[in-house]
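Q: Can you read through this structure? Questions will come right after.
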Amino acid sequence: MPIFPLNEDNPDGGEPEHFPDELPILPLRNTVLFPGVVIPITVGRDRSIKAVTEAYRGDKMVGVVAQKDSSIEDPDTADLAEVGTIAKIVKLIRMPDGGTTVIIQGKIRFKVDRIVSEDPYFRARVILLQDEIPGVDPEFEAYISSIRDLAAQIIQLSPNIPSEATIILKNIENTPFLIHFVSSNLNCDLKDKQHLLETNQLKIRAEYLMKLLQTELQLAELKNKITSKTRADLDKQQRDYFLQQQMKSIKEELGGDTNDRELKEMQHRADSKKWPEEARELFRKGIEKLERMHPTTPDYSVIYNHLDLMLDLPWEEYTQDHYDLRKAARVLDQDHYGMEKVKERILEYLAVLKLKGDLKSPILCFVGPPGIGKTSLGRSIANAIGRKYVRLSLGGMHDESEIRGHRKTYIGAMPGRILQSIRKIKSSNPVMILDEIDKVGNDFRGDPSSALLEVLDPEQNSSFYDNYLEMEYDLSKVLFIATANNVNNINQALRDRMEVIDLSGYSVEEKVEIAKKHLIPKQLELHGLKDVKVKFPNGMIQKMISDYTRESGVRELDRQLAAIMRSLARELALDNLLPGELDADRVEKVLGKPKYTNDLYQGGNPAGVVVGLAWTYAGGDILFIEASLSEGKGELKLTGNLGNVMKESASTALSYLQANARVYGIDPKLFSTRNIHIHVPEGAVPKDGPSAGITMLTALASALTRVKVKPYLAMTGEITLRGIVLPVGGIKEKILAARRAGIREIILCKQNEKDVREIKPQYIRGLKFHFVKEMKEVTRLALTVPGKNAHPVKKQRAS
């Protein structure tokens, strides 16, 4: 409703009015009342209604002051302006909806001396303020003339102001009232209007009003210019824009635009998020871009998805680690049997973290054969220390963008899988399993293992840069655990950044314990047999392990147990009586005849046949190496699908025997008159590695001297041309394989003695170990003249 005057000087036309020293106070929101101006107001607050009603019953005088903050619903004395206007209630109207509308006219300015009471409404003692009107002053008259002209120009340029307002301006002769009238209708901030009201000197008030009018005139001219230009250059694109703006207005009337609501929601989430200042600044710039963009533009979704990622990432959000070492040890022992080295390393990390409070997480790499629980161990570690768990499979990954992410400008771009996993898990310090890190690909699209160098470097991963995020992210608190089957397939620089922990295969005794504690209870529950009482004797579990599996882990054993459970479930479903104890007949009925036999070693082998020990991904195995002589010209023939390293071992062994033929009692002429053939059975299986060196040399020495090798003896080790025996790896797997095959004695390098000591004594009971340094010791132990306890070497030396 427009603000209008009733009478410039004295609206009642009588004697000058008397104003009381104490008045009810009426706070107004978004409005400043000036003397002489009449305005209608709607009164809704209880205090205000009581103040207006009380004043209307009396002298109809009320003190009107502006609120400093219009958003406060129930203001106190500190929220009210000190200077206001005494107003007379011209009319009080009760509205049909229960509201109250009051028409008031400003009389004179006042200043609040003190608040007398606050209940039931504000009441204050006031000091009247008089305007300081200058005398004959040409400058002041010029101000008044400029105010009239500026106001008239604004009225002409503003289509929303009626033209009649110009007539009212021309007819106002009272100078103070002219200033008050223009100030009331001025489109400016509440603070500026309050400043005008508080200024006592009328000349200064007029000067400040003129500045505000000039600002509004410039704005009105600019709006008019933009409107004219828009009308002149209107084309299809602009027409569509205006239609979109109208659609936006319609949507707001119907409850708000969806995109605006989303942006407000994102801003609200950002305000309550704890993140670095760099991230906050990047988000602010992105949200400002979105606010200027139309939702149909292609870049809108790109920037929106980028900001959504920033909001979803758990910046500086960490889970609390559990520092109870005893509880952590119990959790690890409950979930996994054995693996003492890994458990000790995790408990050491927890102990240092407990003492220091802050520690960069180690980068661990578990290396071992399949099925021994490397991946599941990571989940147990997460449970033990109270962290979240996430697994990232690297097998077959060939694009480095999978790690670092794509540039967000590409179609279908997304962050790298590292940040995707952290976004999903909602924690910046999870236990992250990098599964099968030795099977990362490498082609023209990039080398992911090179991208992992930054991720797995404790000195660099605190500032990991993702191409999609376009800023650094701290990964230093993430506990990375990589798993691999073969450490030799891992990039050398990447291997150097990780703490490699070797996990060997399980012995039969360990597999029995794992089956009883973990596999059997799990399979019983999976097959609905949790309440069924069927005993699984140790002997039957050992039979399943030895007769139906050939592995270092327990995956195949788990599958065989599942087959047993299915047969029991079928019997139970048919209401047949279940056996109280698993026996050999049921095992063979369900699983068939034994697939493997432990009696692999065959006695009575001829000269030239030696048992070697091999390491495979599935664990250890025994390997027969056969050597035979035939008439010829001293050629060496190698068969059995051997690799280059194994072929070189055979050549080295032959060269050593040729150089030391007389020491071993071998006629040197044999090397030029006999062809030598070395064969390793199971020719379809590729074989390679240096650990068969001493086995090949022993087989050649046995064939050339026609002395049989000691029965139930196996060996493994690398040789040199000087006859020195070097250490090899995979000792535990090889020893367990020898024990399964019925071997009784094993020859190893002296330096491998430490590896044997790490194996629990109960797992190698019944085995005799010979630790050697030179090849002479090997032949002395392996080759024995029948009927004598002497060695060919000794015999030669005696002669």
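Here, A, B, ... name the chains of the structure tokens in the order displayed, residue numbers run from 1 inside each chain, and ligands are numbered from 1 in the same displayed order.
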Using only C-alpha atoms, which protein or nucleic acid residues come within 10 Å of segment 380-386 of chain A? Drop anything in the same chain fewer than 6 positions from it, and give the result as number ranges by chain.

A: A: 319-336, 342-343, 346-347, 350, 430-432, 479, 481

Q: I need the residues in segment 80-307 of chain A that are strand (DSSP E) according to DSSP; give them as a ChimeraX atom specification.

A: /A:83-94,100-117,123-128

Q: Could you name the residues that touch segment 759-763 of chain A at 8 Å or less, counting only C-alpha atoms, but leaving out those on the same chain fewer than 4 positions away, as a list in words?

A: Ser507, Val508, Glu509, Lys732, Leu736 and Asp755 of chain A

Q: Taking N, CA and C atoms for each residue, export the selection above as a PDB file, in the first residue's frame.

A:
```
ATOM      1  N   SER A 507      50.282 -76.634   6.994  1.00  0.00           N
ATOM      2  CA  SER A 507      50.565 -78.067   7.139  1.00  0.00           C
ATOM      3  C   SER A 507      49.247 -78.814   7.317  1.00  0.00           C
ATOM      4  N   VAL A 508      49.311 -80.151   7.267  1.00  0.00           N
ATOM      5  CA  VAL A 508      48.098 -80.962   7.443  1.00  0.00           C
ATOM      6  C   VAL A 508      47.483 -80.696   8.808  1.00  0.00           C
ATOM      7  N   GLU A 509      48.335 -80.592   9.836  1.00  0.00           N
ATOM      8  CA  GLU A 509      47.828 -80.354  11.187  1.00  0.00           C
ATOM      9  C   GLU A 509      47.116 -79.000  11.272  1.00  0.00           C
ATOM     10  N   LYS A 732      59.136 -73.931   3.532  1.00  0.00           N
ATOM     11  CA  LYS A 732      58.062 -74.568   4.291  1.00  0.00           C
ATOM     12  C   LYS A 732      57.169 -75.397   3.374  1.00  0.00           C
ATOM     13  N   LEU A 736      56.649 -79.491   3.644  1.00  0.00           N
ATOM     14  CA  LEU A 736      55.330 -80.095   3.861  1.00  0.00           C
ATOM     15  C   LEU A 736      54.979 -81.060   2.741  1.00  0.00           C
ATOM     16  N   ASP A 755      65.082 -71.037   8.057  1.00  0.00           N
ATOM     17  CA  ASP A 755      63.708 -71.204   7.577  1.00  0.00           C
ATOM     18  C   ASP A 755      63.056 -72.427   8.207  1.00  0.00           C
TER      19      ASP A 755
END
```

Q: How many Å separate atom CA of Lys203 of chain A from atom CA of Val182 of chain A?

A: 14.7 Å

Q: From the list A:Phe671, A:Tyr143, A:Tyr56, A:Phe536, which residue is nearest Ile104 of chain A when using only C-alpha atoms?

A: A:Tyr56

Q: Determine, using only C-alpha atoms, which residues of segment 131-203 of chain A have any atom at most 12 Å from an atom of segment 70-79 of chain A, and tabulate each with its shortest atom pair and distance in Å to one decimal place, rows ordered by chain and then rising number, as a Markdown table.

A:
```
| residue | atom | partner | partner_atom | distance |
| --- | --- | --- | --- | --- |
| A:Asp189 | CA | A:Ser70 | CA | 11.9 |
| A:Leu190 | CA | A:Ser70 | CA | 9.6 |
| A:Lys191 | CA | A:Ser70 | CA | 11.5 |
```

Q: Could you give me the residues within segment 37-274 of chain A that DSSP places in alpha helix (DSSP H), as JSON, numbers by chain?

A: {"A": [46, 47, 48, 49, 50, 51, 52, 53, 54, 55, 56, 57, 138, 139, 140, 141, 142, 143, 144, 145, 146, 147, 148, 149, 150, 151, 152, 153, 154, 155, 156, 157, 164, 165, 166, 167, 168, 169, 170, 171, 175, 176, 177, 178, 179, 180, 181, 182, 183, 184, 185, 190, 191, 192, 193, 194, 195, 196, 197, 198, 202, 203, 204, 205, 206, 207, 208, 209, 210, 211, 212, 213, 214, 215, 216, 217, 218, 219, 220, 221, 222, 223, 224, 225, 226, 227, 228, 229, 230, 231, 232, 236, 237, 238, 239, 240, 241, 242, 243, 244, 245, 246, 247, 248, 249, 250, 251, 252, 253, 258, 259, 260, 261, 262, 263, 264, 265, 266, 267, 268, 269, 270, 271]}

Q: Near Thr698 of chain A, within 8 Å and counting only C-alpha atoms, which residues show up once chain neighbours fewer than 3 positions away are dropped, as a list in words?

A: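 That gives Gly608, Val610, Ile694, Thr695, Ala701, Ser702, Val778, Thr779 and Ala782 of chain A.
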
Q: Which neighbours of Lys773 of chain A fall inside 9 Å, counting only C-alpha atoms, when residues of the same chain fewer than 6 positions from it are skipped, and could you give them as a list in words?

A: Gly723, Ile724, Val725, Leu726, Leu748, Cys749, Lys750 and Gln751 of chain A

Q: Which is closest to Ala270 of chain A among A:Gly689, A:Leu313, A:Ser546, A:Ile433, if we use only C-alpha atoms?

A: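 Residue with the minimum atom-to-atom distance to Ala270 of chain A: A:Leu313.
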